[in-house]
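Chemist: Quick one, upload-v4.cif (mmCIF, C-alpha atoms and all ligand atoms):
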data_data
loop_
_atom_site.label_atom_id
_atom_site.label_comp_id
_atom_site.auth_asym_id
_atom_site.auth_seq_id
_atom_site.Cartn_x
_atom_site.Cartn_y
_atom_site.Cartn_z
CA MET E 1 0.00 0.00 0.00
CA LYS E 2 2.93 2.28 -0.66
CA ARG E 3 2.37 5.55 -2.38
CA SER E 4 3.79 5.94 -5.85
CA ALA E 5 7.00 7.92 -6.03
CA LEU E 6 5.21 10.52 -8.11
CA ALA E 7 2.51 11.01 -5.51
CA VAL E 8 5.12 11.39 -2.79
CA VAL E 9 6.99 14.01 -4.80
CA GLY E 10 3.75 15.87 -5.42
CA LEU E 11 2.72 15.79 -1.78
CA SER E 12 6.19 16.79 -0.66
CA MET E 13 5.92 19.90 -2.77
CA LEU E 14 2.66 20.74 -1.05
CA CYS E 15 3.96 20.02 2.43
CA ARG E 16 7.27 21.82 2.67
CA VAL E 17 9.33 21.87 5.81
CA GLY E 18 9.43 25.08 7.82
CA SER E 19 6.99 26.73 10.17
CA ALA E 20 3.35 25.78 10.55
CA GLN E 21 0.49 26.66 12.86
CA VAL E 22 -1.76 24.32 14.81
CA PRO E 23 -5.44 24.89 13.90
CA GLU E 24 -7.50 26.75 16.52
CA SER E 25 -4.68 27.43 19.00
CA GLY E 26 -2.48 29.06 16.37
CA ARG E 27 0.64 27.67 18.09
CA TRP E 28 3.66 27.85 15.82
CA GLN E 29 5.63 24.67 15.09
CA GLU E 30 9.07 24.22 13.57
CA LEU E 31 8.93 21.29 11.15
CA SER E 32 12.12 19.80 9.73
CA PHE E 33 10.49 16.95 7.81
CA GLY E 34 7.84 17.00 5.09
CA ALA E 35 4.34 15.79 5.98
CA ALA E 36 4.38 13.17 3.22
CA GLU E 37 7.65 11.50 4.25
CA VAL E 38 6.57 11.32 7.90
CA ALA E 39 3.14 9.95 6.96
CA GLU E 40 4.65 7.32 4.71
CA ARG E 41 7.11 6.05 7.36
CA MET E 42 4.33 6.01 9.97
CA GLU E 43 2.04 4.17 7.58
CA ASP E 44 4.71 1.48 7.21
CA ARG E 45 4.85 1.11 11.00
CA TYR E 46 1.08 1.04 11.29
CA LEU E 47 0.86 -1.64 8.62
CA ASP E 48 3.47 -3.75 10.43
CA GLN E 49 1.47 -3.38 13.65
CA VAL E 50 -1.93 -4.26 12.17
CA VAL E 51 -0.49 -7.19 10.18
CA ASP E 52 1.02 -8.60 13.40
CA LEU E 53 -2.27 -8.14 15.24
CA ALA E 54 -4.22 -9.74 12.39
CA ALA E 55 -1.85 -12.72 12.34
CA GLY E 56 -2.59 -13.22 16.03
CA GLY E 57 -6.35 -12.92 15.51
CA ARG E 58 -6.47 -9.70 17.54
CA LEU E 59 -7.36 -7.15 14.85
CA ASP E 60 -10.95 -5.95 14.43
CA ASP E 61 -12.17 -8.99 16.36
CA ASP E 62 -14.87 -6.83 17.96
CA ARG E 63 -16.98 -6.09 14.89
CA VAL E 64 -19.54 -4.01 16.79
CA LEU E 65 -16.85 -1.70 18.16
CA LEU E 66 -15.22 -1.47 14.72
CA ALA E 67 -18.53 -0.30 13.22
CA ARG E 68 -18.90 2.30 15.99
CA LEU E 69 -15.35 3.57 15.41
CA GLN E 70 -15.89 3.92 11.69
CA ARG E 71 -19.27 5.64 12.05
CA ILE E 72 -18.10 8.07 14.74
CA GLY E 73 -14.71 8.52 13.07
CA ALA E 74 -16.32 9.58 9.78
CA GLY E 75 -17.98 12.57 11.45
CA LEU E 76 -14.75 13.58 13.18
CA VAL E 77 -12.81 13.33 9.92
CA ARG E 78 -15.36 15.67 8.31
CA ALA E 79 -14.90 18.12 11.18
CA ALA E 80 -11.12 17.86 10.81
CA ALA E 81 -11.33 18.63 7.08
CA ALA E 82 -13.38 21.74 7.82
CA LEU E 83 -10.64 22.89 10.18
CA LYS E 84 -7.65 21.80 8.06
CA PRO E 85 -8.60 21.13 4.42
CA GLU E 86 -5.53 19.06 3.51
CA THR E 87 -6.65 16.32 5.93
CA ALA E 88 -9.55 15.56 3.56
CA VAL E 89 -7.20 13.60 1.27
CA TRP E 90 -5.46 11.68 4.05
CA ARG E 91 -6.13 7.92 4.12
CA TRP E 92 -7.74 7.79 7.55
CA GLU E 93 -8.03 4.32 9.05
CA PHE E 94 -9.81 3.14 12.17
CA HIS E 95 -9.11 -0.27 13.63
CA THR E 96 -9.68 -2.00 16.94
CA THR E 97 -7.65 -4.63 18.75
CA SER E 98 -8.18 -6.95 21.67
CA ASP E 99 -4.48 -6.52 22.56
CA ALA E 100 -4.78 -5.32 26.16
CA GLY E 101 -1.55 -3.34 25.77
CA VAL E 102 -3.26 -0.87 23.46
CA ASP E 103 -5.59 1.84 24.81
CA ALA E 104 -5.77 4.30 21.92
CA GLN E 105 -3.15 5.59 19.53
CA CYS E 106 -2.83 7.63 16.37
CA MET E 107 -0.02 7.83 13.87
CA ALA E 108 0.69 10.64 11.42
CA GLY E 109 -1.71 10.78 8.52
CA GLY E 110 -4.69 9.50 10.52
CA LYS E 111 -3.92 5.88 11.38
CA ILE E 112 -5.91 5.10 14.51
CA LEU E 113 -6.02 2.00 16.70
CA VAL E 114 -8.33 1.61 19.71
CA GLY E 115 -8.17 -1.14 22.32
CA SER E 116 -11.48 -2.92 22.87
CA ALA E 117 -10.56 -3.84 26.46
CA PHE E 118 -10.06 -0.17 27.27
CA VAL E 119 -13.41 0.85 25.76
CA ARG E 120 -15.16 -1.98 27.59
CA LYS E 121 -13.48 -1.21 30.92
CA LEU E 122 -14.69 2.39 30.86
CA ALA E 123 -18.06 1.38 29.34
CA LEU E 124 -17.82 4.24 26.87
CA ASP E 125 -21.04 5.29 25.21
CA ASP E 126 -20.94 6.83 21.74
CA GLY E 127 -20.35 10.41 22.89
CA GLU E 128 -17.56 9.33 25.23
CA LEU E 129 -16.00 7.15 22.53
CA ALA E 130 -16.19 10.15 20.19
CA THR E 131 -14.21 12.15 22.76
CA LEU E 132 -11.51 9.47 22.94
CA LEU E 133 -11.35 9.26 19.13
CA ALA E 134 -11.35 13.04 18.76
CA HIS E 135 -8.27 13.25 21.00
CA GLU E 136 -6.48 10.87 18.64
CA VAL E 137 -7.74 12.65 15.51
CA ALA E 138 -6.47 15.91 17.02
CA HIS E 139 -2.94 14.47 17.35
CA ALA E 140 -2.99 13.78 13.61
CA VAL E 141 -4.51 17.14 12.66
CA ALA E 142 -1.91 18.98 14.75
CA GLU E 143 0.84 16.85 13.14
CA HIS E 144 2.34 15.97 16.49
CA ASP E 145 4.41 13.04 15.13
CA ARG E 146 6.01 15.34 12.57
CA GLU E 147 6.72 17.96 15.20
CA THR E 148 8.19 15.41 17.64
CA LEU E 149 10.51 14.00 14.96
CA SER E 150 11.56 17.53 14.05
CA GLU E 151 12.35 18.30 17.71
CA ALA E 152 14.23 15.00 18.02
CA LEU E 153 16.32 16.02 15.03
CA TYR E 154 17.34 19.14 16.93
CA PHE E 155 19.02 16.89 19.52
CA ASN E 156 20.53 14.58 16.86
CA ARG E 157 21.85 16.99 14.26
CA GLN E 158 25.45 15.83 13.78
CA PRO E 159 25.38 13.98 11.47
CA LYS E 160 21.74 14.28 10.37
CA PRO E 161 20.22 10.77 10.71
CA PRO E 162 17.70 9.30 8.26
CA LEU E 163 14.09 9.57 9.39
CA GLU E 164 13.87 5.84 10.14
CA VAL E 165 16.92 5.97 12.43
CA LEU E 166 15.44 8.93 14.26
CA MET E 167 12.13 7.06 14.72
CA GLU E 168 14.01 4.12 16.20
CA ARG E 169 15.91 6.39 18.60
CA LEU E 170 12.62 7.98 19.66
CA ALA E 171 11.20 4.58 20.49
CA THR E 172 14.23 3.30 22.40
CA ASP E 173 16.32 6.20 23.74
CA LEU E 174 15.06 7.11 27.21
CA SER E 175 17.24 10.22 27.50
CA LEU E 176 15.83 11.54 24.23
CA GLN E 177 12.29 10.79 25.43
CA ILE E 178 12.98 12.77 28.61
CA ARG E 179 14.32 15.70 26.61
CA LEU E 180 11.12 15.69 24.60
CA SER E 181 8.78 15.28 27.56
CA ALA E 182 7.88 18.99 27.77
CA LEU E 183 6.79 18.94 24.13
CA SER E 184 4.91 15.69 24.70
CA ASN E 185 2.98 17.17 27.63
CA LEU E 186 2.10 20.23 25.62
CA GLN E 187 0.88 18.07 22.72
CA GLU E 188 -1.33 15.98 25.00
CA SER E 189 -3.03 19.08 26.43
CA GLU E 190 -3.43 20.42 22.94
CA ALA E 191 -4.98 17.14 21.73
CA ASP E 192 -7.48 17.26 24.60
CA GLN E 193 -8.57 20.78 23.70
CA LEU E 194 -8.47 20.48 19.93
CA GLY E 195 -10.20 17.10 20.24
CA MET E 196 -13.08 18.68 22.13
CA VAL E 197 -13.39 21.35 19.43
CA LEU E 198 -13.56 18.61 16.79
CA ALA E 199 -16.10 16.57 18.76
CA HIS E 200 -18.19 19.69 19.33
CA ARG E 201 -18.16 20.55 15.63
CA ALA E 202 -19.06 16.95 14.82
CA GLY E 203 -22.19 17.44 16.89
CA TRP E 204 -21.37 15.56 20.10
CA PRO E 205 -22.69 17.03 23.36
CA ALA E 206 -20.23 18.62 25.75
CA ALA E 207 -21.73 16.61 28.63
CA ALA E 208 -20.47 13.42 26.96
CA MET E 209 -16.98 14.89 26.69
CA VAL E 210 -16.99 15.84 30.35
CA GLY E 211 -18.35 12.36 31.08
CA PHE E 212 -15.36 10.77 29.34
CA TYR E 213 -12.83 12.76 31.36
CA ARG E 214 -14.83 12.11 34.53
CA LYS E 215 -14.54 8.37 33.89
CA LEU E 216 -10.79 8.69 33.30
CA ALA E 217 -10.38 10.60 36.56
CA ALA E 218 -12.43 8.04 38.49
CA ASP E 219 -10.66 4.95 37.17
CA ASP E 220 -7.14 4.28 38.38
CA ALA E 221 -6.59 1.87 35.52
CA ALA E 222 -7.15 4.77 33.17
CA SER E 223 -3.53 5.51 34.00
CA MET E 224 -3.24 3.50 30.78
CA LEU E 225 -4.07 6.75 29.09
CA SER E 226 -2.22 9.04 31.46
CA GLY E 227 1.39 8.39 30.40
CA GLY E 228 2.62 11.73 29.13
CA HIS E 229 -0.84 13.21 29.62
CA PRO E 230 -1.87 15.82 32.20
CA ALA E 231 -3.21 14.43 35.48
CA PRO E 232 -6.75 13.06 35.07
CA ALA E 233 -8.15 15.72 37.43
CA SER E 234 -6.56 18.45 35.29
CA ARG E 235 -8.04 16.94 32.16
CA LEU E 236 -11.48 16.91 33.79
CA SER E 237 -11.10 20.59 34.74
CA MET E 238 -10.07 21.37 31.17
CA ALA E 239 -13.11 19.52 29.81
CA LYS E 240 -15.47 21.43 32.12
CA GLY E 241 -13.89 24.72 31.06
CA MET E 242 -14.18 23.86 27.36
CA ALA E 243 -17.80 22.79 27.88
CA LEU E 244 -18.53 26.22 29.37
CA LEU E 245 -16.96 27.82 26.30
CA PHE E 246 -19.34 25.76 24.17
CA GLY E 247 -22.17 27.17 26.26
CA ALA E 248 -23.24 23.75 27.50
CA PRO E 249 -24.94 23.10 30.83
CA LEU E 250 -22.88 20.74 32.99
CA GLY E 251 -24.76 17.88 34.58
CA GLY E 252 -23.37 15.54 37.22
CA ALA E 253 -22.96 12.77 34.68
CA ALA E 254 -22.99 12.27 30.97
CA VAL E 255 -26.53 12.67 29.71
CA ALA E 256 -28.33 10.81 26.96
CA GLN E 257 -26.42 11.20 23.74
CA ALA E 258 -27.70 12.81 20.62
CA GLN E 259 -26.52 10.95 17.53
CA PRO E 260 -24.82 13.30 15.07
ZN ZN C 301 -2.72 11.60 23.37
#
If you took the structure in this file and wrote it as structure tokens, what would it be?
Modeler:
Amino acid sequence: MKRSALAVVGLSMLCRVGSAQVPESGRWQELSFGAAEVAERMEDRYLDQVVDLAAGGRLDDDRVLLARLQRIGAGLVRAAAALKPETAVWRWEFHTTSDAGVDAQCMAGGKILVGSAFVRKLALDDGELATLLAHEVAHAVAEHDRETLSEALYFNRQPKPPLEVLMERLATDLSLQIRLSALSNLQESEADQLGMVLAHRAGWPAAAMVGFYRKLAADDAASMLSGGHPAPASRLSMAKGMALLFGAPLGGAAVAQAQP
């Protein structure tokens, strides 16, 4: 499923390195790699991961959850395209896995994987699942992988390593991960906020978003999702604040969900 060389060249011309701004927040990013080359490398990794999961019978083995992800994801992708038009041509993919080591993840270009055990443990309804998915979609929209690799390059300039080598260092080099932790924390907060904007624009009620973060804060095991993220209580406060910005009344619990 590799892109043709011509397509990559064309996309590279459209996605030059340099400065960019995150939608909504307007935060400036320094990007040393093109969007297309990062997306292609990440797609290779995603394919390796889903092929391994499929070989073990752990990919999309919850068909009901898969259908929910694809239905809810489609609305979020439309909201993302309204915010950042170039995402409309990305090859978004939504998969689920029964691998208990996976909670939720997103790779550059919109490759999303959600753990069925995590969704079941928190008993996420559609609006809450939309909030989880929107956080992941927001990481892609804000091009956090591309930004992280660019920042990693700053610490690995001499000599400049190939992108694949840098990705491997990011995955295995603890000292590099620590150096990048401030950026990682900032990106997680940004994904929470931008994700709520996307979910809101996709038509999901703010009470469901607050409900999701309330469940995370109440469940110790949700520490699965807290690595590199703000403390669950801070995320809940953020969600309540965003809900007020949306003009939504805040109930004590997530209310019945409207279906966008
Ligand atoms: Zn995240």
Chemist: Excluding Ala79 (chain E) and residues on its chain fewer than 6 positions from it, collect all residues at most 7 Å away from it, counting all atoms listed in the file, and give them as a list in words.
Modeler: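 So, after excluding close chain neighbours, the residues are Leu198, Arg201 and Ala202 of chain E.
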Chemist: Would you mind telling me which residue in E:Trp92, E:Ala35, E:Ser116, E:Leu176 lies nearest to Val64 (chain E) when using all atoms listed in the file?
Modeler: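 Distance minimum relative to Val64 (chain E) lands on E:Ser116.
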Chemist: Might you pull out every residue within 12 Å of region 237-239 of chain E, with only C-alpha atoms counted and same-chain residues fewer than 5 positions away left off, and present them as number ranges by chain?
Modeler: E: 131, 135, 188-197, 199-200, 205-217, 230-232, 244-246, 248, 250
Chemist: As a VMD selection string, please: the residues near Leu66 (chain E) (cut-off 12 Å, all atoms listed in the file, same-chain neighbours under 2 positions excluded).
Modeler: chain E and resid 59 to 64 68 to 73 93 to 98 112 to 116 119 129
Chemist: Considering only C-alpha atoms and all ligand atoms, can you say which of E:Arg179, E:Lys240, E:His139, E:Lys160 comes closest to ligand ZN 301 (chain C)?
Modeler: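 Counting only C-alpha atoms and all ligand atoms, the residue closest to ligand ZN 301 (chain C) is E:His139.
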Chemist: Looking at E:Val50, E:Leu153, E:Leu122, E:Ala142, which one is nearest to ligand ZN 301 (chain C), with distances taken over all atoms listed in the file?
Modeler: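 Counting all atoms listed in the file, the residue closest to ligand ZN 301 (chain C) is E:Ala142.
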Chemist: What is the CA of Glu37 (chain E)-CA of Ala152 (chain E) distance in Å, reported with one decimal?
Modeler: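 For CA of Glu37 (chain E) relative to CA of Ala152 (chain E), the distance reads 15.7 Å.
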Chemist: What is the distance between CA of Glu86 (chain E) and CA of Ser150 (chain E), in Å to one decimal?
Modeler: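 That distance, rounded to one decimal, is 20.1 Å.
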Chemist: Measuring atom to atom with all atoms listed in the file, identify which of E:Cys106, E:Leu163, E:Ala171, E:Leu83 is nearest to ligand ZN 301 (chain C).
Modeler: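 For ligand ZN 301 (chain C), the nearest of the given residues is E:Cys106.
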Chemist: Quick check, in Å to one decimal: how far apart do CA of Pro161 (chain E) and CA of Leu183 (chain E) lie?
Modeler: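 Here the two named atoms are 20.7 Å from each other.
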Chemist: Could you check which of E:Ser184, E:Gln158, E:Gln49, E:Ser19 is closest to Val102 (chain E), using all atoms listed in the file?
Modeler: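 Nearest candidate to Val102 (chain E) out of E:Ser184, E:Gln158, E:Gln49, E:Ser19: E:Gln49.
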Chemist: Between E:Thr148, E:Gln21, E:Asn156, E:Asn185, which is the closest to ligand ZN 301 (chain C) once you count all atoms listed in the file?
Modeler: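 Closest to ligand ZN 301 (chain C) of all the choices is E:Asn185.
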Chemist: Tell me which protein, DNA and RNA residues are within 10 Å of Arg146 (chain E), counting only C-alpha atoms, leaving out same-chain ones fewer than 2 positions away, and put them as a PyMOL selection string.
Modeler: chain E and resi 17+29-39+42+107-109+140+142-144+148-152
